[in-house]
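Trainee: Attaching a single structure in structure tokens format; questions to follow.
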Amino acid sequence: MLNKNNIIVEAEKLDFADIGFTSAEPFDSQTEVLLSRQKEYKWAMDAGLDLMTGIDPKNILPDAKSIIVLIEEYFHESFPASMEVHFGRCYLDDDRITKDALALRVKAFRAFLRDNGIDSKVPFHLPHRLAAARAGLGTFGKNCLFYSRKAARQGSWVLPIAIVINQEFAYDDPTVDVGCPDWCKNTCLIACPTGALKGPRHLNPQRCISYLSYYGQGITPMELREPMGLWIYGCDRCQNVCPRNAPWLANELPLNKRVVKKVKDFDLSLLLHMDKEYFEAKIWPHMFYMSSDDMWRWKMNVARVMGNTLDPKYISDLVQAFSGSEDERVKGMIAWALGRIGGTEAKNILDKILDPSNGLVREEILQALKEC
Ligand code: SF4
Ligand code: SF4
């Protein structure tokens, strides 16, 4: 029969940065949050993510007795700058589809439990950050992120993995609290470019760049295009500016070779011109929140980013993609990007594409010409 220490030793052997234990009681405080913010989280329900069901671990494993939370440090190696500037770090080496890295270690951990008579489930809709805090593994930031008590030098570059099990172990003391120092005057709230952080620990997901980059409906509203800056998928700004993350960001880390291999596939021009085959082979296995039906959003995001680089080298790509696209959201954003880059070349192109265009695309071209 396993004791708690045997499990801790196994987690260390498998290179998890930390481990904690909590009860399988429902996360009642989360019920209030979800009920009071139904409109903000409607997208998750619409996407088939039933967050309400995840509140009670017994919905996941009927004889649930405890939750083990493992902490994975996803930023223990550095990433190429060309990737970090456009994609949230937690997605750069995400193996939830390829299942060839972290998934293998979680699988090995569960096999160890199973071999010792413990059933387990790894739910995707349980409030995993709250589970981690309840297991005493760290505290929250006012940016809603979870900060480890020891991994990543107490930073937020961690991924809590909640594992519901059918055996009881001594629970760790909860640390469900905000751990921000008084002297930090809400830097994250001020730095959020789209005003998604409405107050300490109150995020409006529908204003958050991460959400907008993979679930935003329709062409990105004009007032968000510049603030969304160079982000294509995800956003790390409220983590980058946080003083609680400064100790880890000061680290010299070896380059993540798995991510280095992906750099060429995530080139902006290739993303703007990709077809379904390319998307499904090179992109989707690593960043999968959008299916091939939503490739228009990838392209719209890339066009916005090209515009926000202010780099005229992208004009020819944008022109080629404009004539090759049928999607008015992509074409409209290309027109905006040309206007944002500006200059005589971009203006001449906008003049040329105005006549044959109509509807939303024509409106965007007219607006872009005003900006030029
Ligand atoms: S991830 Fe970006 S957009 Fe979302 S709250 Fe943080 S800074 Fe704001
Ligand atoms: S920026 Fe300041 S307020 Fe925001 S999470 Fe970090 S320490 Fe807390």
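Simple scheme: letters A, B, ... for chains in structure tokens order, numbers from 1 for residues in each chain, numbers from 1 for ligands in the order shown.
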Show which residues sit within 6 Å of stretch 65-70 of chain A, as a list of chain:residue names. Count only C-alpha atoms, and ignore same-chain residues fewer than 3 positions away.
Mentor: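 Near stretch 65-70 of chain A, the qualifying residues are A:Asp18, A:Ile19, A:Gly20, A:Phe21, A:Thr22, A:Ser23, A:Ala24, A:Ala132, A:Pro160, A:Ile161, A:Ala162, A:Ile163, A:Val164, A:Ile165, A:Asn166, A:Gln167, A:Glu168.
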Trainee: Could you save those same residues with all heavy atoms as a short mmCIF file (atom, residue, chain, number, x, y, z; two decimals), in the first residue's frame?
Mentor:
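Result file is selection-v2.cif:
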```cif
data_model
loop_
_atom_site.label_atom_id
_atom_site.label_comp_id
_atom_site.auth_asym_id
_atom_site.auth_seq_id
_atom_site.Cartn_x
_atom_site.Cartn_y
_atom_site.Cartn_z
N ASP A 18 6.78 20.07 -8.39
CA ASP A 18 6.19 20.09 -7.05
C ASP A 18 4.96 19.18 -7.06
O ASP A 18 4.45 18.79 -8.14
CB ASP A 18 5.78 21.52 -6.66
CG ASP A 18 5.75 21.74 -5.15
OD1 ASP A 18 5.96 20.77 -4.40
OD2 ASP A 18 5.53 22.89 -4.73
N ILE A 19 4.50 18.85 -5.87
CA ILE A 19 3.31 18.00 -5.76
C ILE A 19 2.58 18.34 -4.46
O ILE A 19 3.21 18.66 -3.44
CB ILE A 19 3.69 16.49 -5.80
CG1 ILE A 19 2.44 15.62 -5.61
CG2 ILE A 19 4.76 16.14 -4.78
CD1 ILE A 19 2.69 14.12 -5.83
N GLY A 20 1.24 18.31 -4.51
CA GLY A 20 0.45 18.56 -3.31
C GLY A 20 -0.81 17.71 -3.34
O GLY A 20 -1.18 17.14 -4.38
N PHE A 21 -1.46 17.63 -2.17
CA PHE A 21 -2.66 16.78 -2.03
C PHE A 21 -3.80 17.62 -1.47
O PHE A 21 -3.60 18.40 -0.53
CB PHE A 21 -2.37 15.62 -1.07
CG PHE A 21 -1.33 14.66 -1.58
CD1 PHE A 21 0.02 15.01 -1.60
CD2 PHE A 21 -1.69 13.40 -2.03
CE1 PHE A 21 0.98 14.12 -2.08
CE2 PHE A 21 -0.74 12.50 -2.50
CZ PHE A 21 0.61 12.86 -2.53
N THR A 22 -4.98 17.43 -2.01
CA THR A 22 -6.15 18.09 -1.45
C THR A 22 -7.34 17.13 -1.49
O THR A 22 -7.27 16.06 -2.11
CB THR A 22 -6.46 19.43 -2.18
OG1 THR A 22 -7.55 20.07 -1.51
CG2 THR A 22 -6.85 19.22 -3.63
N SER A 23 -8.41 17.56 -0.86
CA SER A 23 -9.59 16.69 -0.77
C SER A 23 -10.35 16.68 -2.10
O SER A 23 -10.09 17.51 -2.99
CB SER A 23 -10.53 17.20 0.32
OG SER A 23 -11.22 18.33 -0.17
N ALA A 24 -11.30 15.76 -2.20
CA ALA A 24 -12.14 15.72 -3.41
C ALA A 24 -13.46 16.46 -3.18
O ALA A 24 -14.45 16.21 -3.87
CB ALA A 24 -12.38 14.28 -3.82
N ALA A 132 -4.67 23.55 -7.22
CA ALA A 132 -3.26 23.69 -6.83
C ALA A 132 -3.13 24.54 -5.57
O ALA A 132 -2.35 24.21 -4.66
CB ALA A 132 -2.46 24.32 -7.97
N PRO A 160 -0.45 23.54 -13.44
CA PRO A 160 -0.89 22.54 -12.45
C PRO A 160 -1.67 21.43 -13.16
O PRO A 160 -2.52 21.70 -14.01
CB PRO A 160 -1.83 23.34 -11.53
CG PRO A 160 -1.65 24.78 -11.89
CD PRO A 160 -1.20 24.80 -13.31
N ILE A 161 -1.37 20.20 -12.81
CA ILE A 161 -2.07 19.05 -13.40
C ILE A 161 -2.83 18.36 -12.26
O ILE A 161 -2.21 17.80 -11.35
CB ILE A 161 -1.07 18.08 -14.05
CG1 ILE A 161 -0.25 18.80 -15.12
CG2 ILE A 161 -1.78 16.85 -14.63
CD1 ILE A 161 1.10 18.21 -15.33
N ALA A 162 -4.16 18.43 -12.31
CA ALA A 162 -4.98 17.85 -11.23
C ALA A 162 -5.33 16.41 -11.58
O ALA A 162 -5.83 16.13 -12.68
CB ALA A 162 -6.24 18.69 -11.05
N ILE A 163 -5.07 15.51 -10.64
CA ILE A 163 -5.36 14.10 -10.86
C ILE A 163 -6.30 13.63 -9.74
O ILE A 163 -5.92 13.62 -8.57
CB ILE A 163 -4.05 13.26 -10.86
CG1 ILE A 163 -3.10 13.81 -11.94
CG2 ILE A 163 -4.36 11.79 -11.10
CD1 ILE A 163 -1.77 13.09 -12.03
N VAL A 164 -7.52 13.28 -10.12
CA VAL A 164 -8.50 12.84 -9.14
C VAL A 164 -8.28 11.35 -8.88
O VAL A 164 -8.17 10.56 -9.83
CB VAL A 164 -9.94 13.08 -9.68
CG1 VAL A 164 -10.98 12.67 -8.64
CG2 VAL A 164 -10.13 14.54 -10.07
N ILE A 165 -8.19 10.99 -7.60
CA ILE A 165 -7.91 9.58 -7.27
C ILE A 165 -8.93 9.04 -6.26
O ILE A 165 -9.63 9.82 -5.60
CB ILE A 165 -6.48 9.38 -6.72
CG1 ILE A 165 -6.26 10.23 -5.46
CG2 ILE A 165 -5.44 9.72 -7.76
CD1 ILE A 165 -5.00 9.87 -4.71
N ASN A 166 -8.98 7.72 -6.15
CA ASN A 166 -10.00 7.10 -5.28
C ASN A 166 -9.41 6.62 -3.94
O ASN A 166 -9.88 5.64 -3.38
CB ASN A 166 -10.68 5.93 -6.01
CG ASN A 166 -9.72 4.79 -6.26
OD1 ASN A 166 -8.50 4.97 -6.17
ND2 ASN A 166 -10.25 3.62 -6.59
N GLN A 167 -8.35 7.30 -3.50
CA GLN A 167 -7.77 6.93 -2.20
C GLN A 167 -7.48 8.20 -1.40
O GLN A 167 -7.16 9.24 -1.99
CB GLN A 167 -6.49 6.13 -2.42
CG GLN A 167 -6.11 5.34 -1.16
CD GLN A 167 -5.08 4.27 -1.49
OE1 GLN A 167 -5.26 3.46 -2.40
NE2 GLN A 167 -3.98 4.27 -0.78
N GLU A 168 -7.60 8.08 -0.09
CA GLU A 168 -7.43 9.27 0.74
C GLU A 168 -5.99 9.36 1.26
O GLU A 168 -5.43 8.35 1.67
CB GLU A 168 -8.41 9.18 1.91
CG GLU A 168 -8.71 10.53 2.51
CD GLU A 168 -9.99 10.48 3.33
OE1 GLU A 168 -10.97 9.85 2.86
OE2 GLU A 168 -9.97 11.05 4.42
#
```
Trainee: How close does each residue of chain A get to ligand 2, giving the shortest atom pair and distance in Å to one decimal for every residue with an atom at most 7 Å away, counting only C-alpha atoms and all ligand atoms, sorted by chain and residue number, as a Markdown table?
Mentor:
```
| residue | atom | partner | partner_atom_place_in_ligand_line | distance |
| --- | --- | --- | --- | --- |
| A:Gly141 | CA | ligand 2 | 5 (S) | 3.8 |
| A:Lys142 | CA | ligand 2 | 5 (S) | 4.4 |
| A:Asn143 | CA | ligand 2 | 5 (S) | 4.8 |
| A:Cys180 | CA | ligand 2 | 8 (Fe) | 4.2 |
| A:Pro181 | CA | ligand 2 | 7 (S) | 5.9 |
| A:Cys184 | CA | ligand 2 | 2 (Fe) | 4.6 |
| A:Lys185 | CA | ligand 2 | 3 (S) | 6.2 |
| A:Asn186 | CA | ligand 2 | 3 (S) | 3.8 |
| A:Thr187 | CA | ligand 2 | 1 (S) | 4.2 |
| A:Cys188 | CA | ligand 2 | 1 (S) | 4.1 |
| A:Leu189 | CA | ligand 2 | 4 (Fe) | 6.4 |
| A:Cys238 | CA | ligand 2 | 1 (S) | 6.7 |
| A:Val241 | CA | ligand 2 | 1 (S) | 6.1 |
| A:Cys242 | CA | ligand 2 | 1 (S) | 3.7 |
| A:Pro243 | CA | ligand 2 | 7 (S) | 5.5 |
| A:Arg244 | CA | ligand 2 | 7 (S) | 5.3 |
```
Trainee: Could the residues in this selection be saved with all heavy atoms as a compact mmCIF listing (two decimals), in the first residue's frame?
Mentor:
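Result file follows (result39.txt):
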```txt
# COMPACT_ATOMS: atom_id res chain seq x y z
N GLY A 141 -2.10 35.48 -8.43
CA GLY A 141 -1.73 36.87 -8.71
C GLY A 141 -3.01 37.62 -9.02
O GLY A 141 -4.04 37.01 -9.32
N LYS A 142 -2.94 38.94 -8.97
CA LYS A 142 -4.14 39.72 -9.30
C LYS A 142 -4.48 39.57 -10.78
O LYS A 142 -5.55 39.96 -11.22
CB LYS A 142 -3.90 41.18 -8.95
CG LYS A 142 -3.85 41.44 -7.45
CD LYS A 142 -3.66 42.92 -7.16
CE LYS A 142 -3.45 43.13 -5.67
NZ LYS A 142 -3.06 44.53 -5.38
N ASN A 143 -3.54 39.02 -11.55
CA ASN A 143 -3.80 38.77 -12.98
C ASN A 143 -4.50 37.42 -13.19
O ASN A 143 -4.61 36.96 -14.32
CB ASN A 143 -2.48 38.80 -13.77
CG ASN A 143 -1.45 37.84 -13.20
OD1 ASN A 143 -1.75 37.04 -12.31
ND2 ASN A 143 -0.22 37.92 -13.71
N CYS A 180 0.32 38.75 -3.94
CA CYS A 180 1.05 39.89 -4.53
C CYS A 180 1.56 40.83 -3.44
O CYS A 180 0.85 41.08 -2.47
CB CYS A 180 0.14 40.67 -5.47
SG CYS A 180 -0.43 39.66 -6.84
N PRO A 181 2.77 41.35 -3.63
CA PRO A 181 3.28 42.30 -2.63
C PRO A 181 2.52 43.63 -2.70
O PRO A 181 2.08 44.04 -3.78
CB PRO A 181 4.74 42.51 -3.07
CG PRO A 181 4.77 42.15 -4.52
CD PRO A 181 3.70 41.13 -4.74
N CYS A 184 3.55 46.39 -5.26
CA CYS A 184 3.24 46.32 -6.70
C CYS A 184 1.87 46.95 -6.89
O CYS A 184 0.86 46.43 -6.45
CB CYS A 184 3.24 44.90 -7.22
SG CYS A 184 2.78 44.88 -8.98
N LYS A 185 1.86 48.07 -7.55
CA LYS A 185 0.60 48.82 -7.69
C LYS A 185 -0.19 48.32 -8.89
O LYS A 185 -0.42 49.04 -9.85
CB LYS A 185 0.88 50.33 -7.83
CG LYS A 185 1.78 50.89 -6.73
CD LYS A 185 1.09 50.83 -5.38
CE LYS A 185 1.99 51.39 -4.28
NZ LYS A 185 1.79 50.77 -2.99
N ASN A 186 -0.58 47.04 -8.83
CA ASN A 186 -1.44 46.48 -9.88
C ASN A 186 -0.85 46.64 -11.28
O ASN A 186 -1.55 46.98 -12.23
CB ASN A 186 -2.82 47.14 -9.85
CG ASN A 186 -3.52 46.89 -8.53
OD1 ASN A 186 -3.16 45.98 -7.80
ND2 ASN A 186 -4.52 47.69 -8.23
N THR A 187 0.44 46.38 -11.40
CA THR A 187 1.12 46.54 -12.70
C THR A 187 0.40 45.78 -13.82
O THR A 187 0.24 46.29 -14.93
CB THR A 187 2.58 46.04 -12.59
OG1 THR A 187 3.18 46.70 -11.49
CG2 THR A 187 3.36 46.30 -13.84
N CYS A 188 -0.03 44.57 -13.52
CA CYS A 188 -0.66 43.74 -14.56
C CYS A 188 -1.96 44.38 -15.05
O CYS A 188 -2.25 44.37 -16.26
CB CYS A 188 -0.92 42.33 -14.05
SG CYS A 188 -1.80 42.28 -12.49
N LEU A 189 -2.74 44.93 -14.12
CA LEU A 189 -4.02 45.52 -14.52
C LEU A 189 -3.78 46.71 -15.44
O LEU A 189 -4.49 46.90 -16.43
CB LEU A 189 -4.80 45.99 -13.28
CG LEU A 189 -5.71 44.95 -12.63
CD1 LEU A 189 -4.95 43.89 -11.87
CD2 LEU A 189 -6.70 45.64 -11.68
N CYS A 238 0.69 40.09 -19.18
CA CYS A 238 0.52 40.31 -17.74
C CYS A 238 1.46 39.43 -16.92
O CYS A 238 1.63 39.66 -15.72
CB CYS A 238 -0.94 40.11 -17.31
SG CYS A 238 -1.64 38.53 -17.80
N VAL A 241 5.21 41.44 -17.32
CA VAL A 241 5.42 42.69 -16.56
C VAL A 241 5.41 42.46 -15.05
O VAL A 241 5.69 43.38 -14.29
CB VAL A 241 4.33 43.75 -16.90
CG1 VAL A 241 4.37 44.13 -18.37
CG2 VAL A 241 2.94 43.27 -16.50
N CYS A 242 5.08 41.26 -14.63
CA CYS A 242 4.86 41.00 -13.20
C CYS A 242 6.19 40.88 -12.44
O CYS A 242 7.03 40.05 -12.79
CB CYS A 242 4.05 39.73 -13.03
SG CYS A 242 3.88 39.27 -11.30
N PRO A 243 6.38 41.66 -11.38
CA PRO A 243 7.63 41.54 -10.61
C PRO A 243 7.80 40.17 -9.97
O PRO A 243 8.93 39.77 -9.68
CB PRO A 243 7.50 42.64 -9.55
CG PRO A 243 6.07 43.03 -9.51
CD PRO A 243 5.50 42.71 -10.86
N ARG A 244 6.72 39.45 -9.77
CA ARG A 244 6.86 38.10 -9.18
C ARG A 244 7.53 37.16 -10.18
O ARG A 244 8.00 36.08 -9.80
CB ARG A 244 5.48 37.55 -8.77
CG ARG A 244 4.80 38.36 -7.68
CD ARG A 244 3.42 37.84 -7.33
NE ARG A 244 3.42 36.62 -6.56
CZ ARG A 244 2.33 35.97 -6.17
NH1 ARG A 244 1.13 36.45 -6.49
NH2 ARG A 244 2.41 34.85 -5.48
```
Trainee: Show me which residues sit within 6 Å of ligand 1 when counting only C-alpha atoms and all ligand atoms, and put them as an NGL selection string.
Mentor: :A and (192-194 or 196-197 or 208-210 or 235-238)
Trainee: Using only C-alpha atoms, which residue out of A:Glu32, A:Ala170, A:Leu51, A:Ala368 lies closest to A:Pro123?
Mentor: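 Ranking A:Glu32, A:Ala170, A:Leu51, A:Ala368 by distance to A:Pro123, first place goes to A:Leu51.
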Trainee: Using only C-alpha atoms, which residues sit within 10 Å of A:Lys107 once same-chain residues fewer than 6 positions away are excluded, as a PyMOL selection string?
Mentor: chain A and resi 99+113+122
Trainee: For A:Leu268, list every protein, DNA or RNA residue within 8 Å, evaluated using only C-alpha atoms, and leave out those in the same chain fewer than 3 positions away; present the list as a PyMOL selection string.
Mentor: chain A and resi 271-272+302+306
Trainee: Please identify all polymer residues within 10 Å of A:Arg129, counting only C-alpha atoms, omitting same-chain residues fewer than 2 positions from it, and present them as a PyMOL selection string.
Mentor: chain A and resi 69+126-127+131-135+137-140+144-147+158-162+176
Trainee: Could you write out the selected residues, including C-alpha atoms, as a compact mmCIF listing (two decimals), in the first residue's frame?
Mentor:
```
# COMPACT_ATOMS: atom_id res chain seq x y z
CA VAL A 69 -1.79 18.18 -8.05
CA LEU A 126 -11.71 20.88 -13.10
CA PRO A 127 -10.51 24.30 -11.79
CA ALA A 131 -6.97 22.80 -6.93
CA ALA A 132 -3.26 23.69 -6.83
CA ALA A 133 -3.87 26.49 -4.31
CA ARG A 134 -6.06 24.20 -2.22
CA ALA A 135 -3.20 21.69 -2.24
CA LEU A 137 1.24 24.70 -3.92
CA GLY A 138 1.15 28.46 -4.33
CA THR A 139 -0.99 31.58 -4.45
CA PHE A 140 -2.80 33.68 -7.02
CA CYS A 144 -5.71 35.52 -12.14
CA LEU A 145 -2.63 33.39 -12.73
CA PHE A 146 -1.26 30.83 -10.31
CA TYR A 147 2.18 31.43 -8.79
CA VAL A 158 3.77 26.58 -14.32
CA LEU A 159 1.04 24.23 -15.28
CA PRO A 160 -0.89 22.54 -12.45
CA ILE A 161 -2.07 19.05 -13.40
CA ALA A 162 -4.98 17.85 -11.23
CA VAL A 176 -5.98 29.98 -1.56
```
Trainee: Identify all residues of stretch 68-167 of chain A in strand (DSSP E) (DSSP on the backbone) and supply them as number ranges by chain.
Mentor: A: 68-73, 120-121, 138-140, 146-148, 158-165
